[in-house]
Amino acid sequence: MGYVAVKGGTKAIEESIKRLKYERVKKGTAIELPKIEAGMRGLIDQVMSESSLYDRSLAALAIKQAEGNPEEAVFLLRAYRSTLPRKHVSRVISSEHMKVERRISASFKDVPGGQILGATTDYTHRLLDSELENESDISIQDWLRAFQEENQSTDYQNDSADLNSLPKVLDYLRSEGLLASCENDDLQPGDVTRKSLEFPSMRSERLQILTRGQTGAVTSLAYAVIRGYGALHPTVGELRVGKLPVHLDHPLLDEGQEEDSYYIGDFTATEAEMLIPLTVEKEQGKKEIEFEVGYGMCMGQNETKAIAMGILDNCLEKPNKEFPSHNEEFVLYHIDSVESTGFISHLKMPHYVTFQSKLDSIRKSKDKTTEQEVGLHE
Amino acid sequence: MRRKERTEILIQGSEDIAKAFAKEIAMKYKVTVIQKPESALVLLKTRETAKKSLFYLGEMLVTECTVKIHDSIGIGIVKGHREDLAHSLAIIDAAYQADLGETKLWSPILENEKKNIQKNLQELNRSILRTKVHFETMDVQ
């Protein structure tokens, strides 16, 4: 059987794209971008984090175009990002300067600055709220007014904690000598968007890939670690969510003074510092427990992902052939949303030639088998 | 007032202030637009706290504009799609670079806006602190 090159399908593709739009709008109502931005905070945060691009409006647009499908929205944003010039690199952003909106520790009850729950679903009952079916803009505005009045009331215990400079749990542990102290490492980071990954990877490359990884993939691999497909047992030392300010040096000056930098705005981020106990053998065979830290940070409020990233960060710092979760090639090559969904979904694309070639091989081997069987009978 | 503090106030505060300052300068001086407001990316260099090393967290979309007043270049950069604000910030930056007399009169307005920003921030923090846990020790029988 010979192969024949074919073409066609242009009209069908055009109609398919129309059909796609029809599926998005067939109910006859448009979902406005401000409503997506206002009401889908979790999805926007996930899409921005996996796209590695912080812009809430663009994320809302991508979500609308993708009909709420995160993998498609991430693909759209990554593609859009590639059309823009990258003109600046920020001054170093530090979570010490986070304007904290939520901060908890699962390790220390009396963490300096206190346990601040902020906005979280952790303590909700997960029962469907049927009242939301009738929620309107007016009912929301009424609720907001009442909420603001309640906040302004003085019948609540005042607290003097400064949320703009909350002490860090790790600093506290380091000052107590419970965690090894370390100096700032100013080695310039690698950038996986500009240079292909090579192994062994740099720590900065690992963190960059983990932070833009697909939420589900990062979470699943970290879950596997804890279930036994890994060699560590972590606790959340500190989890914080809040806004981080971004400053730039003057583009025409090499190293500007901080006071002459440009403030350009802030962004919401989640940071997880995971404490991982490690038994260390000291002098004369004496064993002591020390702590290591796994680090997770991602754009938006993505707490599960940040915690999972912290777990995988520590795994990849300690290669271990026994577990795939400690193998950087296994983890880093398989958690990117665009790469993994792109490859899997490409299987839908026409493979007529390769598949026909396989069919030919099967037919030929079957023919040979039949001929041999006939020969035996003769 | 140095640029860091100035841009924090102009971006976090009311956009009307930047608009009014820029309008005042544009009415009195020739403002040449070198680069009209357009979208760009800023790579976010971040320090992690486990080993205190640096890595790139991702990118932020910004709007950037460059103008010139006399021989002084002014740059306006702000998060998101905000063409008017980027343009106003560039004019204000150029005005400070050129040391125009008008900028001396802006300090009290900026100081006042800074107080408003701090007041709003304190209110937000007070609201967030309502979610702070106050543990009570349970009686042991």
# chains A, B, ... in the order shown; residues from 1 in each chain; ligands from 1
$ interface_residues --of "chain A" --to "chain B" --cutoff "6 Å" --atoms "only C-alpha atoms" --output "NGL selection string"
:A and (52-55 or 84-86 or 88-90 or 92-94 or 115-118 or 151 or 184-185 or 189 or 204 or 208 or 259-265 or 293 or 295)
$ write_last_selection --atoms "N, CA and C atoms" --output "tab-separated table (two decimals), in the first residue's frame"
chain	number	residue	atom	x	y	z
A	52	SER	N	2.96	32.04	34.60
A	52	SER	CA	4.15	32.78	34.99
A	52	SER	C	4.05	34.23	34.52
A	53	LEU	N	2.82	34.72	34.46
A	53	LEU	CA	2.58	36.11	34.03
A	53	LEU	C	1.55	36.73	34.96
A	54	TYR	N	1.94	37.82	35.63
A	54	TYR	CA	1.02	38.44	36.58
A	54	TYR	C	0.27	39.58	35.91
A	55	ASP	N	-0.99	39.34	35.62
A	55	ASP	CA	-1.91	40.40	35.19
A	55	ASP	C	-3.32	39.84	35.30
A	84	LEU	N	5.54	39.87	23.94
A	84	LEU	CA	5.88	41.14	24.60
A	84	LEU	C	7.39	41.25	24.86
A	85	PRO	N	7.92	42.47	24.78
A	85	PRO	CA	9.34	42.63	25.11
A	85	PRO	C	9.54	42.60	26.63
A	86	ARG	N	10.58	41.89	27.04
A	86	ARG	CA	10.92	41.93	28.48
A	86	ARG	C	11.98	43.02	28.63
A	88	HIS	N	12.75	44.82	31.65
A	88	HIS	CA	13.39	45.08	32.94
A	88	HIS	C	13.43	43.82	33.81
A	89	VAL	N	14.37	43.86	34.73
A	89	VAL	CA	14.40	42.86	35.81
A	89	VAL	C	14.22	43.66	37.10
A	90	SER	N	13.37	43.18	37.98
A	90	SER	CA	13.08	43.95	39.20
A	90	SER	C	14.27	43.94	40.16
A	92	VAL	N	15.64	43.00	43.82
A	92	VAL	CA	15.35	41.75	44.52
A	92	VAL	C	14.11	41.90	45.41
A	93	ILE	N	13.16	40.99	45.21
A	93	ILE	CA	11.92	41.00	46.00
A	93	ILE	C	12.12	40.08	47.19
A	94	SER	N	11.76	40.58	48.37
A	94	SER	CA	11.94	39.77	49.58
A	94	SER	C	10.63	39.67	50.34
A	115	GLN	N	-0.95	33.95	64.85
A	115	GLN	CA	-1.56	33.19	63.75
A	115	GLN	C	-2.68	34.06	63.17
A	116	ILE	N	-2.50	34.47	61.93
A	116	ILE	CA	-3.49	35.37	61.31
A	116	ILE	C	-4.16	34.60	60.17
A	117	LEU	N	-5.41	34.25	60.37
A	117	LEU	CA	-6.08	33.35	59.43
A	117	LEU	C	-6.38	34.00	58.08
A	118	GLY	N	-6.67	35.32	58.09
A	118	GLY	CA	-6.99	35.99	56.83
A	118	GLY	C	-8.18	35.34	56.14
A	151	ASN	N	-16.17	46.31	60.77
A	151	ASN	CA	-14.73	46.46	60.91
A	151	ASN	C	-14.34	47.76	61.61
A	184	ASN	N	23.25	35.86	52.45
A	184	ASN	CA	22.62	36.02	51.14
A	184	ASN	C	23.53	35.48	50.04
A	185	ASP	N	22.93	34.70	49.14
A	185	ASP	CA	23.67	34.18	47.99
A	185	ASP	C	23.20	34.98	46.77
A	189	PRO	N	20.43	34.33	38.97
A	189	PRO	CA	19.64	33.13	38.69
A	189	PRO	C	19.69	32.72	37.22
A	204	SER	N	18.11	27.82	41.16
A	204	SER	CA	17.20	28.87	40.67
A	204	SER	C	16.32	28.33	39.54
A	208	GLN	N	12.22	28.05	39.59
A	208	GLN	CA	11.44	28.71	38.54
A	208	GLN	C	10.46	27.72	37.89
A	259	GLU	N	16.58	54.31	47.00
A	259	GLU	CA	15.68	55.45	47.13
A	259	GLU	C	15.39	56.12	45.78
A	260	ASP	N	16.22	55.82	44.77
A	260	ASP	CA	15.99	56.38	43.44
A	260	ASP	C	15.32	55.38	42.50
A	261	SER	N	14.87	54.25	43.05
A	261	SER	CA	14.23	53.24	42.21
A	261	SER	C	12.79	53.64	41.91
A	262	TYR	N	12.21	52.97	40.91
A	262	TYR	CA	10.81	53.19	40.54
A	262	TYR	C	9.97	52.13	41.23
A	263	TYR	N	8.92	52.55	41.92
A	263	TYR	CA	7.90	51.61	42.40
A	263	TYR	C	6.92	51.41	41.26
A	264	ILE	N	6.59	50.16	40.92
A	264	ILE	CA	5.67	49.96	39.79
A	264	ILE	C	4.35	49.30	40.20
A	265	GLY	N	4.26	48.86	41.44
A	265	GLY	CA	3.03	48.23	41.89
A	265	GLY	C	3.36	47.02	42.76
A	293	VAL	N	15.04	23.20	55.32
A	293	VAL	CA	13.89	23.99	54.86
A	293	VAL	C	13.62	23.70	53.39
A	295	TYR	N	11.45	25.23	50.19
A	295	TYR	CA	10.89	26.55	49.92
A	295	TYR	C	9.89	26.54	48.78
$ select_by_dssp --residues "chain B" --states "helix (DSSP H, G or I)" --output "PyMOL selection string"
chain B and resi 3-12+15-28+83-97+102-131
$ residues_around --residues "region 273-287 of chain A" --least-positions-apart "5" --cutoff "8 Å" --atoms "only C-alpha atoms" --output "PyMOL selection string"
(chain A and resi 170+232-239+292-296+307+310-311) or (chain B and resi 49-50)
$ write_last_selection --atoms "N, CA and C atoms" --output "PDB file, in the first residue's frame"
ATOM      1  N   LEU A 170      11.524  31.483  60.221  1.00  0.00           N
ATOM      2  CA  LEU A 170      12.885  30.984  59.984  1.00  0.00           C
ATOM      3  C   LEU A 170      13.930  31.858  60.672  1.00  0.00           C
ATOM      4  N   LEU A 232      10.888  12.184  52.931  1.00  0.00           N
ATOM      5  CA  LEU A 232      10.849  13.283  53.905  1.00  0.00           C
ATOM      6  C   LEU A 232       9.448  13.460  54.487  1.00  0.00           C
ATOM      7  N   HIS A 233       9.399  14.052  55.653  1.00  0.00           N
ATOM      8  CA  HIS A 233       8.148  14.242  56.384  1.00  0.00           C
ATOM      9  C   HIS A 233       8.072  15.683  56.870  1.00  0.00           C
ATOM     10  N   PRO A 234       7.464  16.553  56.092  1.00  0.00           N
ATOM     11  CA  PRO A 234       7.521  17.990  56.379  1.00  0.00           C
ATOM     12  C   PRO A 234       6.386  18.506  57.275  1.00  0.00           C
ATOM     13  N   THR A 235       6.626  19.688  57.841  1.00  0.00           N
ATOM     14  CA  THR A 235       5.595  20.448  58.556  1.00  0.00           C
ATOM     15  C   THR A 235       5.662  21.882  58.037  1.00  0.00           C
ATOM     16  N   VAL A 236       4.506  22.544  57.993  1.00  0.00           N
ATOM     17  CA  VAL A 236       4.517  23.938  57.545  1.00  0.00           C
ATOM     18  C   VAL A 236       5.103  24.809  58.651  1.00  0.00           C
ATOM     19  N   GLY A 237       6.317  25.301  58.413  1.00  0.00           N
ATOM     20  CA  GLY A 237       6.926  26.223  59.377  1.00  0.00           C
ATOM     21  C   GLY A 237       6.195  27.550  59.356  1.00  0.00           C
ATOM     22  N   GLU A 238       5.992  28.061  58.160  1.00  0.00           N
ATOM     23  CA  GLU A 238       5.246  29.312  58.004  1.00  0.00           C
ATOM     24  C   GLU A 238       4.631  29.357  56.615  1.00  0.00           C
ATOM     25  N   LEU A 239       3.387  29.793  56.580  1.00  0.00           N
ATOM     26  CA  LEU A 239       2.709  30.026  55.310  1.00  0.00           C
ATOM     27  C   LEU A 239       2.205  31.450  55.340  1.00  0.00           C
ATOM     28  N   GLU A 292      15.828  21.005  58.044  1.00  0.00           N
ATOM     29  CA  GLU A 292      16.120  21.594  56.744  1.00  0.00           C
ATOM     30  C   GLU A 292      14.867  22.341  56.311  1.00  0.00           C
ATOM     31  N   VAL A 293      15.039  23.204  55.319  1.00  0.00           N
ATOM     32  CA  VAL A 293      13.892  23.991  54.860  1.00  0.00           C
ATOM     33  C   VAL A 293      13.624  23.704  53.386  1.00  0.00           C
ATOM     34  N   GLY A 294      12.367  23.461  53.063  1.00  0.00           N
ATOM     35  CA  GLY A 294      11.935  23.368  51.668  1.00  0.00           C
ATOM     36  C   GLY A 294      11.178  24.644  51.357  1.00  0.00           C
ATOM     37  N   TYR A 295      11.450  25.234  50.195  1.00  0.00           N
ATOM     38  CA  TYR A 295      10.893  26.553  49.918  1.00  0.00           C
ATOM     39  C   TYR A 295       9.888  26.538  48.775  1.00  0.00           C
ATOM     40  N   GLY A 296       8.743  27.159  49.033  1.00  0.00           N
ATOM     41  CA  GLY A 296       7.734  27.296  47.989  1.00  0.00           C
ATOM     42  C   GLY A 296       7.214  28.714  47.909  1.00  0.00           C
ATOM     43  N   ILE A 307       2.924  24.895  49.196  1.00  0.00           N
ATOM     44  CA  ILE A 307       3.371  23.864  50.143  1.00  0.00           C
ATOM     45  C   ILE A 307       3.995  22.693  49.376  1.00  0.00           C
ATOM     46  N   GLY A 310       7.363  23.488  48.154  1.00  0.00           N
ATOM     47  CA  GLY A 310       8.342  23.416  49.246  1.00  0.00           C
ATOM     48  C   GLY A 310       8.816  21.985  49.478  1.00  0.00           C
ATOM     49  N   ILE A 311       7.885  21.049  49.361  1.00  0.00           N
ATOM     50  CA  ILE A 311       8.233  19.632  49.550  1.00  0.00           C
ATOM     51  C   ILE A 311       9.148  19.167  48.410  1.00  0.00           C
TER      52      ILE A 311
ATOM     53  N   THR B  49      14.001  31.978  51.021  1.00  0.00           N
ATOM     54  CA  THR B  49      14.497  32.101  52.387  1.00  0.00           C
ATOM     55  C   THR B  49      15.158  30.835  52.934  1.00  0.00           C
ATOM     56  N   ALA B  50      15.114  29.730  52.169  1.00  0.00           N
ATOM     57  CA  ALA B  50      15.728  28.496  52.668  1.00  0.00           C
ATOM     58  C   ALA B  50      17.251  28.597  52.605  1.00  0.00           C
TER      59      ALA B  50
END
$ residues_around --residues "Glu198 (chain A)" --least-positions-apart "5" --cutoff "12 Å" --atoms "only C-alpha atoms" --output "list of chain:residue names"
A:Gly190, A:Asp191, A:Val192, A:Arg203, A:Glu205, A:Arg206, A:Glu328, A:Glu329, A:Leu332, A:Tyr333
$ select_by_dssp --residues "chain B" --states "strand (DSSP E or B)" --output "NGL selection string"
:B and (31-47 or 54-69 or 72-79 or 132)
$ write_last_selection --atoms "C-alpha atoms" --output "PDB file, in the first residue's frame"
ATOM      1  CA  VAL B  31       6.770  67.528  26.398  1.00  0.00           C
ATOM      2  CA  THR B  32       8.237  65.271  23.709  1.00  0.00           C
ATOM      3  CA  VAL B  33       7.034  61.694  23.750  1.00  0.00           C
ATOM      4  CA  ILE B  34      10.008  59.405  23.086  1.00  0.00           C
ATOM      5  CA  GLN B  35       8.103  56.182  23.614  1.00  0.00           C
ATOM      6  CA  LYS B  36       4.332  56.226  23.764  1.00  0.00           C
ATOM      7  CA  PRO B  37       2.761  54.045  26.496  1.00  0.00           C
ATOM      8  CA  GLU B  38       3.107  50.400  25.580  1.00  0.00           C
ATOM      9  CA  SER B  39       3.031  47.009  27.255  1.00  0.00           C
ATOM     10  CA  ALA B  40       6.192  45.279  28.417  1.00  0.00           C
ATOM     11  CA  LEU B  41       7.296  42.636  30.896  1.00  0.00           C
ATOM     12  CA  VAL B  42       9.259  42.895  34.121  1.00  0.00           C
ATOM     13  CA  LEU B  43      11.031  39.768  35.332  1.00  0.00           C
ATOM     14  CA  LEU B  44      10.518  39.327  39.073  1.00  0.00           C
ATOM     15  CA  LYS B  45      13.823  38.522  40.774  1.00  0.00           C
ATOM     16  CA  THR B  46      13.060  37.004  44.155  1.00  0.00           C
ATOM     17  CA  ARG B  47      15.086  35.881  47.162  1.00  0.00           C
ATOM     18  CA  LEU B  54      17.848  34.247  44.000  1.00  0.00           C
ATOM     19  CA  PHE B  55      15.364  32.912  41.450  1.00  0.00           C
ATOM     20  CA  TYR B  56      12.830  34.252  38.954  1.00  0.00           C
ATOM     21  CA  LEU B  57       9.244  34.008  40.183  1.00  0.00           C
ATOM     22  CA  GLY B  58       7.749  34.987  36.822  1.00  0.00           C
ATOM     23  CA  GLU B  59       6.901  38.156  34.956  1.00  0.00           C
ATOM     24  CA  MET B  60       4.598  41.096  35.522  1.00  0.00           C
ATOM     25  CA  LEU B  61       2.852  42.980  32.751  1.00  0.00           C
ATOM     26  CA  VAL B  62       3.545  46.724  32.882  1.00  0.00           C
ATOM     27  CA  THR B  63       2.820  49.815  30.831  1.00  0.00           C
ATOM     28  CA  GLU B  64       5.842  51.965  30.116  1.00  0.00           C
ATOM     29  CA  CYS B  65       6.213  55.443  28.660  1.00  0.00           C
ATOM     30  CA  THR B  66       9.208  57.746  28.087  1.00  0.00           C
ATOM     31  CA  VAL B  67       9.097  61.505  27.553  1.00  0.00           C
ATOM     32  CA  LYS B  68      11.551  64.388  27.393  1.00  0.00           C
ATOM     33  CA  ILE B  69      11.301  67.900  28.846  1.00  0.00           C
ATOM     34  CA  SER B  72      15.678  65.571  30.774  1.00  0.00           C
ATOM     35  CA  ILE B  73      14.265  62.094  30.206  1.00  0.00           C
ATOM     36  CA  GLY B  74      11.341  60.921  32.296  1.00  0.00           C
ATOM     37  CA  ILE B  75      10.141  57.341  32.583  1.00  0.00           C
ATOM     38  CA  GLY B  76       6.733  56.158  33.731  1.00  0.00           C
ATOM     39  CA  ILE B  77       6.245  52.459  34.520  1.00  0.00           C
ATOM     40  CA  VAL B  78       3.234  50.926  36.212  1.00  0.00           C
ATOM     41  CA  LYS B  79       1.748  47.465  36.656  1.00  0.00           C
ATOM     42  CA  LYS B 132      -5.872  36.716  64.435  1.00  0.00           C
TER      43      LYS B 132
END
$ residues_around --residues "Ile17 (chain B)" --least-positions-apart "2" --cutoff "12 Å" --atoms "only C-alpha atoms" --output "CSV table (one decimal) with N, CA and C atoms, in the first residue's frame"
chain,number,residue,atom,x,y,z
B,6,ARG,N,8.1,58.8,46.0
B,6,ARG,CA,7.2,59.6,45.1
B,6,ARG,C,6.4,58.7,44.3
B,7,THR,N,7.0,57.7,43.7
B,7,THR,CA,6.2,56.8,42.8
B,7,THR,C,5.3,55.9,43.6
B,9,ILE,N,3.7,56.8,46.3
B,9,ILE,CA,2.5,57.7,46.6
B,9,ILE,C,1.6,57.8,45.3
B,10,LEU,N,2.3,58.1,44.2
B,10,LEU,CA,1.5,58.4,42.9
B,10,LEU,C,0.8,57.2,42.4
B,11,ILE,N,1.3,56.0,42.7
B,11,ILE,CA,0.7,54.8,42.2
B,11,ILE,C,-0.3,54.2,43.2
B,12,GLN,N,0.0,54.3,44.5
B,12,GLN,CA,-0.9,53.7,45.5
B,12,GLN,C,-2.0,54.7,45.8
B,13,GLY,N,-1.8,56.0,45.6
B,13,GLY,CA,-2.8,57.0,45.9
B,13,GLY,C,-3.7,57.2,44.8
B,14,SER,N,-4.4,58.4,44.8
B,14,SER,CA,-5.4,58.7,43.8
B,14,SER,C,-4.7,59.0,42.5
B,15,GLU,N,-5.3,58.5,41.4
B,15,GLU,CA,-4.7,58.7,40.1
B,15,GLU,C,-4.9,60.2,39.7
B,19,LYS,N,-2.4,62.8,37.4
B,19,LYS,CA,-3.1,63.5,36.2
B,19,LYS,C,-2.9,65.0,36.3
B,20,ALA,N,-3.2,65.6,37.5
B,20,ALA,CA,-3.2,67.0,37.7
B,20,ALA,C,-1.7,67.5,37.6
B,21,PHE,N,-0.8,66.8,38.2
B,21,PHE,CA,0.6,67.2,38.1
B,21,PHE,C,1.1,67.3,36.6
B,22,ALA,N,0.8,66.2,35.9
B,22,ALA,CA,1.2,66.1,34.5
B,22,ALA,C,0.6,67.1,33.6
B,23,LYS,N,-0.7,67.4,33.9
B,23,LYS,CA,-1.4,68.4,33.1
B,23,LYS,C,-0.8,69.8,33.3
B,24,GLU,N,-0.4,70.1,34.6
B,24,GLU,CA,0.2,71.3,34.9
B,24,GLU,C,1.5,71.5,34.2
B,85,LEU,N,-1.9,56.7,33.1
B,85,LEU,CA,-1.1,56.8,34.3
B,85,LEU,C,0.4,56.7,34.0
B,88,SER,N,1.4,60.1,32.5
B,88,SER,CA,1.5,61.1,33.6
B,88,SER,C,2.8,60.9,34.4
B,89,LEU,N,3.1,59.6,34.8
B,89,LEU,CA,4.2,59.4,35.6
B,89,LEU,C,5.5,59.7,34.9
B,92,ILE,N,5.9,63.5,35.1
B,92,ILE,CA,6.3,63.9,36.4
B,92,ILE,C,7.8,63.6,36.7
B,106,TRP,N,4.8,70.5,44.9
B,106,TRP,CA,4.0,69.2,45.0
B,106,TRP,C,4.2,68.5,46.3
B,107,SER,N,5.3,68.7,47.0
B,107,SER,CA,5.7,68.0,48.2
B,107,SER,C,4.5,67.9,49.2
B,108,PRO,N,3.9,69.1,49.6
B,108,PRO,CA,2.8,69.0,50.6
B,108,PRO,C,1.7,68.1,50.1
B,109,ILE,N,1.4,68.2,48.8
B,109,ILE,CA,0.3,67.4,48.3
B,109,ILE,C,0.6,65.9,48.4
B,110,LEU,N,1.8,65.6,48.0
B,110,LEU,CA,2.3,64.1,48.1
B,110,LEU,C,2.3,63.7,49.6
B,111,GLU,N,2.8,64.5,50.5
B,111,GLU,CA,2.8,64.2,51.9
B,111,GLU,C,1.4,63.9,52.4
B,112,ASN,N,0.5,64.7,52.0
B,112,ASN,CA,-0.9,64.6,52.4
B,112,ASN,C,-1.5,63.2,51.9
B,113,GLU,N,-1.2,62.9,50.6
B,113,GLU,CA,-1.7,61.7,50.0
B,113,GLU,C,-1.1,60.5,50.7
B,114,LYS,N,0.2,60.7,51.1
B,114,LYS,CA,0.9,59.6,51.8
B,114,LYS,C,0.1,59.2,53.1
$ closest_residue --among "A:Lys109, A:Lys18, A:Arg41, A:His334" --to "Thr137 (chain B)" --atoms "only C-alpha atoms"
A:Lys109
$ residues_around --residues "region 37-40 of chain A" --least-positions-apart "2" --cutoff "7 Å" --atoms "only C-alpha atoms" --output "PyMOL selection string"
chain A and resi 33-35+42-44+56-57+60
$ residues_around --residues "Leu179 (chain A)" --least-positions-apart "2" --cutoff "8 Å" --atoms "only C-alpha atoms" --output "ChimeraX atom specification"
/A:170,173-174,176-177,181,290-292
